[in-house]
Every structure is written in C-alpha cells, then in structure tokens.
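Text of data-v2.txt, listed as compact mmCIF, C-alpha atoms:
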# COMPACT_ATOMS: atom_id res chain seq x y z
CA MET K 1 106.15 92.03 57.75
CA ILE K 2 108.74 94.10 55.89
CA GLY K 3 111.98 95.22 57.50
CA THR K 4 112.38 98.96 57.90
CA THR K 5 115.47 101.08 58.39
CA ARG K 6 115.92 103.56 61.20
CA GLU K 7 115.75 106.39 58.68
CA GLU K 8 112.40 105.12 57.41
CA ARG K 9 110.99 104.81 60.90
CA ARG K 10 112.20 108.33 61.71
CA TRP K 11 110.46 109.66 58.62
CA PHE K 12 107.29 107.84 59.60
CA ILE K 13 107.36 109.12 63.20
CA ARG K 14 107.83 112.66 61.95
CA ALA K 15 104.86 112.34 59.60
CA VAL K 16 102.71 110.93 62.42
CA ALA K 17 103.62 113.84 64.71
CA GLN K 18 103.00 116.37 61.95
CA GLY K 19 99.60 114.80 61.30
CA LEU K 20 98.60 115.48 64.90
CA VAL K 21 100.01 119.02 64.77
CA ASP K 22 97.99 119.67 61.61
CA TRP K 23 94.89 118.24 63.29
CA MET K 24 95.38 120.64 66.20
CA GLY K 25 95.57 123.48 63.69
CA VAL K 26 98.43 125.22 65.47
CA ALA K 27 100.87 127.40 63.57
CA GLU K 28 102.80 128.85 66.50
CA PRO K 29 104.44 127.32 69.55
CA PRO K 30 103.80 126.12 72.14
CA VAL K 31 101.96 123.08 70.77
CA PRO K 32 99.04 122.34 73.15
CA VAL K 33 99.78 118.67 73.77
CA GLU K 34 97.79 118.40 77.00
CA GLU K 35 94.78 120.00 75.32
CA MET K 36 95.03 117.39 72.56
CA LEU K 37 95.14 114.56 75.10
CA ARG K 38 92.11 115.96 76.93
CA HIS K 39 90.15 116.65 73.73
CA PRO K 40 91.47 114.08 71.24
CA PRO K 41 90.69 113.34 67.61
CA GLY K 42 87.62 111.11 67.31
CA VAL K 43 89.61 107.95 66.57
CA TYR K 44 91.39 108.28 69.94
CA ARG K 45 88.45 109.16 72.18
CA ARG K 46 88.95 105.88 74.08
CA ASP K 47 92.75 106.20 74.16
CA PHE K 48 93.72 109.73 75.15
CA GLY K 49 93.43 111.21 78.62
CA VAL K 50 95.53 112.73 81.38
CA VAL K 51 95.56 111.66 85.02
CA ASP K 52 97.71 113.44 87.59
CA MET K 53 99.55 111.12 89.98
CA TYR K 54 101.89 111.34 92.92
CA SER K 55 104.92 109.22 92.05
CA ASN K 56 108.64 109.14 92.60
CA LEU K 57 109.22 106.31 90.13
CA TRP K 58 108.56 107.86 86.73
CA ASP K 59 107.63 111.14 85.06
CA ALA K 60 104.72 109.72 83.07
CA THR K 61 103.45 106.44 81.72
CA PHE K 62 100.59 105.44 79.47
CA ALA K 63 98.19 102.79 80.73
CA ARG K 64 94.89 101.37 79.61
CA PRO K 65 92.91 100.26 82.68
CA PRO K 66 90.41 97.44 81.97
CA SER K 67 87.17 98.72 80.46
CA ARG K 68 88.24 102.34 80.85
CA ARG K 69 89.79 104.74 78.40
CA GLY K 70 93.56 104.87 78.20
CA SER K 71 95.35 107.75 79.86
CA VAL K 72 98.79 109.18 80.41
CA PHE K 73 99.46 109.04 84.15
CA VAL K 74 101.76 111.95 84.85
CA ARG K 75 103.57 113.11 87.97
CA ILE K 76 101.76 116.09 89.37
CA ASP K 77 104.89 117.95 90.46
CA LEU K 78 106.77 118.06 87.15
CA PRO K 79 107.92 121.46 85.87
CA PRO K 80 105.77 122.57 82.89
CA ALA K 81 108.35 121.85 80.16
CA LYS K 82 109.10 118.37 81.50
CA ARG K 83 105.40 117.66 81.88
CA ARG K 84 104.75 118.62 78.25
CA TYR K 85 107.62 116.44 77.08
CA ALA K 86 106.50 113.45 79.15
CA LEU K 87 102.91 113.78 77.92
CA ALA K 88 104.04 114.04 74.29
CA ARG K 89 106.34 111.02 74.60
CA GLU K 90 103.61 108.86 76.12
CA ALA K 91 101.05 110.05 73.58
CA LEU K 92 102.80 107.85 71.03
CA SER K 93 102.12 104.79 73.20
CA ALA K 94 98.46 105.76 73.20
CA VAL K 95 98.43 106.12 69.42
CA VAL K 96 100.37 102.91 68.70
CA THR K 97 98.29 100.71 71.01
CA SER K 98 94.93 102.23 70.11
CA GLU K 99 92.42 100.37 67.96
CA HIS K 100 93.08 102.80 65.10
CA GLY K 101 96.86 102.55 65.53
CA ARG K 102 96.76 98.76 65.44
CA ARG K 103 94.55 98.86 62.36
CA LEU K 104 97.19 101.05 60.69
CA GLY K 105 99.90 98.56 61.69
CA LEU K 106 101.76 100.97 63.94
CA ASP K 107 102.30 98.29 66.59
CA GLY K 108 104.15 96.09 64.11
CA MET K 109 106.50 98.90 63.19
CA LEU K 110 107.05 100.80 66.44
CA LEU K 111 106.14 98.66 69.45
CA GLU K 112 109.57 97.07 69.85
CA GLU K 113 111.36 100.38 70.29
CA LEU K 114 108.55 102.40 71.76
CA LEU K 115 110.67 104.35 74.23
CA ARG K 116 113.11 105.64 71.62
CA ALA K 117 110.31 106.21 69.14
CA GLY K 118 108.39 108.13 71.82
CA GLU K 119 111.34 110.41 72.46
CA GLU K 120 111.70 111.21 68.77
CA PHE K 121 107.97 111.64 68.40
CA ALA K 122 107.85 114.09 71.32
CA GLY K 123 110.51 116.22 69.66
CA HIS K 124 108.60 116.42 66.40
CA LEU K 125 105.26 116.98 68.11
CA LEU K 126 106.43 119.77 70.41
CA ALA K 127 108.92 121.38 68.03
CA PRO K 128 107.80 120.60 64.46
CA ASP K 129 110.32 121.28 61.71
CA ARG K 130 108.23 124.02 60.13
CA MET K 131 107.82 125.91 63.41
CA VAL K 132 111.49 125.64 64.32
CA ALA K 133 112.47 126.78 60.82
CA ALA K 134 110.06 129.74 61.06
CA TYR K 135 111.40 130.61 64.52
CA ARG K 136 114.95 130.52 63.12
CA ALA K 137 113.97 132.64 60.10
CA ARG K 138 112.57 135.29 62.47
CA GLY K 139 115.95 135.50 64.16
CA GLY K 140 115.30 133.06 67.00
CA ASP K 141 118.33 131.33 68.45
CA ALA K 142 119.13 128.04 70.15
CA GLU K 143 119.12 129.61 73.61
CA GLY K 144 115.57 130.90 73.31
CA LEU K 145 114.06 127.81 71.70
CA ALA K 146 113.27 125.95 74.93
CA GLU K 147 111.31 128.87 76.33
CA ALA K 148 109.55 129.72 73.07
CA PHE K 149 108.38 126.12 72.56
CA GLY K 150 107.88 125.20 76.22
CA ILE K 151 110.25 122.24 76.09
CA PRO K 152 113.24 121.03 78.11
CA GLN K 153 116.61 122.54 77.23
CA GLU K 154 118.13 119.23 76.06
CA LEU K 155 115.27 118.62 73.65
CA ALA K 156 115.55 122.19 72.36
CA GLN K 157 119.25 121.69 71.63
CA ARG K 158 118.55 118.45 69.79
CA ARG K 159 115.75 119.88 67.68
CA TRP K 160 117.76 123.00 66.86
CA GLN K 161 120.63 120.85 65.56
CA GLU K 162 118.31 118.53 63.63
CA VAL K 163 116.44 121.34 61.90
CA ASN K 164 119.65 123.22 61.12
CA ALA K 165 121.14 120.09 59.59
CA GLU K 166 118.01 119.68 57.48
CA ILE K 167 118.16 123.28 56.25
CA ALA K 168 121.92 123.20 55.50
CA MET C 1 105.85 117.62 45.63
CA SER C 2 105.39 113.86 45.89
CA MET C 3 107.20 113.55 49.22
CA LYS C 4 105.29 116.50 50.62
CA ALA C 5 102.03 114.91 49.51
CA LEU C 6 103.06 111.55 50.96
CA ASN C 7 103.88 113.23 54.28
CA GLN C 8 100.44 114.82 54.27
CA LEU C 9 98.77 111.51 53.49
CA VAL C 10 100.58 109.65 56.27
CA GLY C 11 99.86 112.49 58.70
CA ARG C 12 96.20 112.48 57.75
CA SER C 13 95.99 108.69 58.15
CA ILE C 14 96.75 109.09 61.87
CA VAL C 15 93.53 111.00 62.53
CA ASP C 16 91.32 110.15 59.57
CA PRO C 17 90.12 106.54 59.06
CA ALA C 18 89.20 107.37 55.45
CA VAL C 19 92.83 106.77 54.46
CA VAL C 20 93.09 103.26 55.87
CA ASN C 21 89.58 102.53 54.57
CA ALA C 22 90.78 103.41 51.05
CA PHE C 23 93.93 101.36 51.50
CA GLU C 24 92.00 98.30 52.67
CA ALA C 25 89.47 98.71 49.87
CA GLY C 26 92.26 98.85 47.28
CA SER C 27 91.28 102.36 46.22
CA ILE C 28 94.22 104.33 47.59
CA GLY C 29 95.08 105.41 44.03
CA GLU C 30 92.08 107.75 43.93
CA MET C 31 93.25 109.44 47.11
CA LEU C 32 96.79 109.76 45.74
CA ALA C 33 95.49 111.41 42.58
CA GLU C 34 93.46 113.87 44.65
CA LEU C 35 96.62 114.81 46.54
CA GLY C 36 98.36 115.81 43.33
CA PHE C 37 100.65 112.85 42.65
CA GLU C 38 101.64 112.56 38.98
CA PRO C 39 99.66 109.85 37.12
CA GLU C 40 102.81 107.75 36.63
CA MET C 41 103.51 107.87 40.36
CA VAL C 42 99.90 107.07 41.19
CA GLU C 43 100.21 103.96 39.04
CA LYS C 44 103.44 102.90 40.75
CA LEU C 45 102.12 103.50 44.24
CA SER C 46 98.79 101.85 43.50
CA GLY C 47 100.66 98.70 42.53
CA LEU C 48 102.42 98.36 45.89
CA ARG C 49 101.23 95.53 48.12
CA ALA C 50 101.56 95.49 51.90
CA GLU C 51 99.85 93.82 54.83
CA THR C 52 99.29 97.04 56.73
CA TRP C 53 98.99 100.75 56.03
CA ALA C 54 102.22 101.47 57.93
CA GLU C 55 104.13 99.03 55.74
CA TYR C 56 102.52 100.48 52.64
CA ALA C 57 103.59 103.95 53.71
CA VAL C 58 107.23 102.84 54.02
CA LEU C 59 107.13 101.13 50.61
CA ALA C 60 105.66 104.31 49.14
CA TYR C 61 108.40 106.35 50.83
CA ARG C 62 111.03 104.19 49.12
CA VAL C 63 109.43 104.66 45.71
CA VAL C 64 108.97 108.41 46.09
CA LYS C 65 112.46 108.90 47.47
CA ALA C 66 114.02 106.90 44.64
CA ALA C 67 112.07 108.95 42.09
CA GLU C 68 113.17 112.22 43.67
CA ARG C 69 116.79 111.05 43.74
CA ALA C 70 116.60 110.10 40.07
CA GLN C 71 115.11 113.52 39.29
CA VAL C 72 118.00 115.29 41.01
CA GLU C 73 120.51 113.22 39.04
CA LEU C 74 118.73 114.14 35.79
CA GLU C 75 118.91 117.82 36.64
CA LEU C 76 122.63 117.79 37.37
CA PRO C 77 124.66 118.73 34.29
CA SER C 78 127.07 116.18 32.92
CA PRO C 79 130.69 116.98 33.84
CA VAL C 80 131.53 116.81 30.12
CA GLU C 81 129.11 119.67 29.35
CA GLY C 82 131.40 122.15 31.04
CA LEU C 83 134.26 121.49 28.65
CA ARG C 84 134.68 123.78 25.61
CA ASP C 85 135.81 122.33 22.30
CA ASP C 86 139.08 124.26 22.31
CA GLU C 87 139.81 123.16 25.88
CA THR C 88 139.24 119.54 24.92
CA GLY C 89 141.52 119.96 21.92
CA ALA C 90 144.20 121.59 24.03
CA GLY C 91 144.14 118.69 26.42
CA LYS C 92 144.64 116.23 23.61
CA GLU C 93 147.61 118.18 22.26
CA GLN C 94 149.21 118.24 25.69
CA VAL C 95 148.82 114.53 26.13
CA ALA C 96 150.27 113.93 22.69

Would you mind writing the file's structure down as structure tokens?
Amino acid sequence: MIGTTREERRWFIRAVAQGLVDWMGVAEPPVPVEEMLRHPPGVYRRDFGVVDMYSNLWDATFARPPSRRGSVFVRIDLPPAKRRYALAREALSAVVTSEHGRRLGLDGMLLEELLRAGEEFAGHLLAPDRMVAAYRARGGDAEGLAEAFGIPQELAQRRWQEVNAEIA
Amino acid sequence: MSMKALNQLVGRSIVDPAVVNAFEAGSIGEMLAELGFEPEMVEKLSGLRAETWAEYAVLAYRVVKAAERAQVELELPSPVEGLRDDETGAGKEQVA
C-alpha cells in the first residue's frame, strides 16, 4: 500500500463527496443528504439507510447489523442542521465499509482516520466548493451560509474560509 | 483540464462500477481518453500501477499535479526577459 499525504487524502475526499453531489443532480443548496441515504445509488443499496433512535450518547453512528442493510442511526431530537451534518459525516463510513468502497480500496486509505475524514467529507458534501463559490458570487456572506446550506454555524464558517482561500 | 477530468473520474468511480471494472481490466486508458485527457497524459496515467483504485487515483493525482505545475512554470516569463538591452548595458557601466 502506498503512503498518502494529508493533502492527497483531502483531495480524494473532496472528489468522493462531489461524485455523490453530482449523482444527486443538485445545483442549489441545501444538498438532500437524507434523501440520498434513503434512496441511494445502486452500489449502496445494501449500505445506506436512516434509522431514528433515542440516545443521549451520540448524535449519529453508522452500523451494519448482521444480514441487514447498513444504516445511519441518528438521534431523533437533533436540530435539522445538526442532523444533516451527522448524517453526512456517517455516510462516509457507509461508503468506505461498503462492498463497493472496499473494492475501490477506500478502507485502506481512509479507515484509520474515519472520524476526521468523515468531518471533512460532510463539509464537502453539504457545502460543495462550486455551490459556496456561486453563493459568494451572488453576494452571499459568511453569516447567511449556515441557513442557506442548512448546516451548523461552525461548519459554515470553516467552509467559507476554505472556499475563500481557494478562490484567493 | 486534466485535474478537472480526474476529479470527475474519481467522483464517478464512487457511484459507477464501470470505472473500477476498467481499472481492474487494465483498460482505464480508454476511459481517460474519453474524458478528454491529452494522449501524452493518457499514456502516462495508463502506465501507473497500483493495488487498488484509490491508490491509483492518488498516483494519478501526483502525475497530473506535477504536469500542471510544470505548465505554470513554462508560462511564467523569465526574469531576464523584462530587461531591455540599454538597461543591461547601463548596469554593466555602473558596475565598472
């Protein structure tokens, strides 16, 4: 297995997220992440799903019960933006551990740092570069990004800075 | 163009098994050509060897990025080009 740099893994994660955004065919925020999990691409029909749970321990976690399809188990009482973020973050676990993901070799590259990778992936899935850049070009600002994209404020700040740095 | 096409290919590979099928069959070059990679780049990328598609994608990223960096360097004018003959001469006189 080859060694990869953090920059290379970030590039790869961004391309993976963009691939799913393209598959969804969305050009405007908010990106319908829960819809994607409920009606996934064919290669993930045994890996994507959403199950509402009562829990005080975590916001969401991906699990693959024996002989059943994998699902993101998500706290039922999360505010909408946090729910979307948690679902997007855990979607990467579903992709990486799926049969298709393992065939691609995603587990070898991303499994060790799945939490951090999931956080980055969620940012690119919910606020893709192109959409943030278009929002900015239309006069959108950092303050309105969270609401426009349906994401938590902290994630909006991060994505705004990342996309601005890319454009500069 | 190459990096954009590579991004598209990696993104497509996540939802379309045809990409990994082509990689495993050793025919990824045909797919690269269809995506608009220059023939020279197709040849370079077709020659890469990796155990998995994800590793191949990173190796391809390195090649494409290096090529784009080299292209930028080629397009930058040499610092000497900005000097006029009389300016160069004047400098020599001053030094002397």

#### Entry: Selection near Val43 of chain K, 10 Å with all atoms listed in the file, sequence-local residues under 6 positions removed, as a ChimeraX atom specification
/K:95,98-101 /C:14-17

### Task
Output as a list in words the set of chain K residues within 8 Å of chain C, with distances taken over only C-alpha atoms.
Met1, Ile2, Thr4, Glu8, Phe12, Ala15, Val16, Ala17, Gln18, Gly19, Leu20, Asp22, Trp23, Pro41, Gly42, Val43, His100, Gly101, Arg103, Leu104, Gly105, Leu106 and Met109 of chain K

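Put simply, atom CA of Glu119 of chain K is 28.2 Å away from atom CA of Ala66 of chain C.
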
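Rounded to one decimal, atom CA of Arg75 of chain K and atom CA of Trp160 of chain K lie 27.3 Å from each other.
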
### Query
Once you count only C-alpha atoms, which residues end up no further than 6 Å from (101.6, 114.3, 47.9) in the file's frame, shown as number ranges by chain?
C: 1-6, 35-37

### Task
State, in Å with one decimal place, the distance from atom CA of Ile76 of chain K to atom CA of Phe62 of chain K.
14.6 Å

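Nearest to Tyr135 of chain K of all the residues K:Phe149, K:Asn56, K:Leu115, K:Met36 is K:Phe149, counting all atoms listed in the file.
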
### Query
Which residue out of K:Arg83, K:His39, K:Ile167, K:Gly108 has the minimum interatomic distance to Asp52 of chain K when only C-alpha atoms are used?
K:Arg83

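The smallest atom-to-atom distance between Arg45 of chain K and any of K:Met24, K:Ser71, K:Leu145, K:Glu162, using all atoms listed in the file, is found for K:Ser71.
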
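Shortest separation to Phe48 of chain K among K:Ala81, K:Ala133, K:Gly25, K:Ala88 occurs at residue K:Ala88, atoms counted being all atoms listed in the file.
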
### Non-local contacts of Arg116 of chain K (12 Å; all atoms listed in the file; under 2 positions in same chain excluded) as JSON, numbers by chain
{"K": [6, 9, 10, 13, 89, 90, 92, 93, 110, 111, 112, 113, 114, 118, 119, 120, 121, 122, 123]}

### Message
Which residues are near segment 39-41 of chain C? Cut-off 9 Å, all atoms listed in the file, ignore same chain within fewer than 4 positions. Put them as an MDAnalysis selection string.
### Response
chainID C and resid 2 32:33 45:46 63:64 67

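Residue nearest Glu143 of chain K, chosen from K:Leu155, K:Val51, K:Ala94, K:Val74 and counting all atoms listed in the file: K:Leu155.
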
#### Entry: Neighbour residues at most 10 Å from (110.6, 124.0, 78.0) (all atoms listed in the file) as an NGL selection string
:K and (30 or 79-85 or 126 or 144-156)
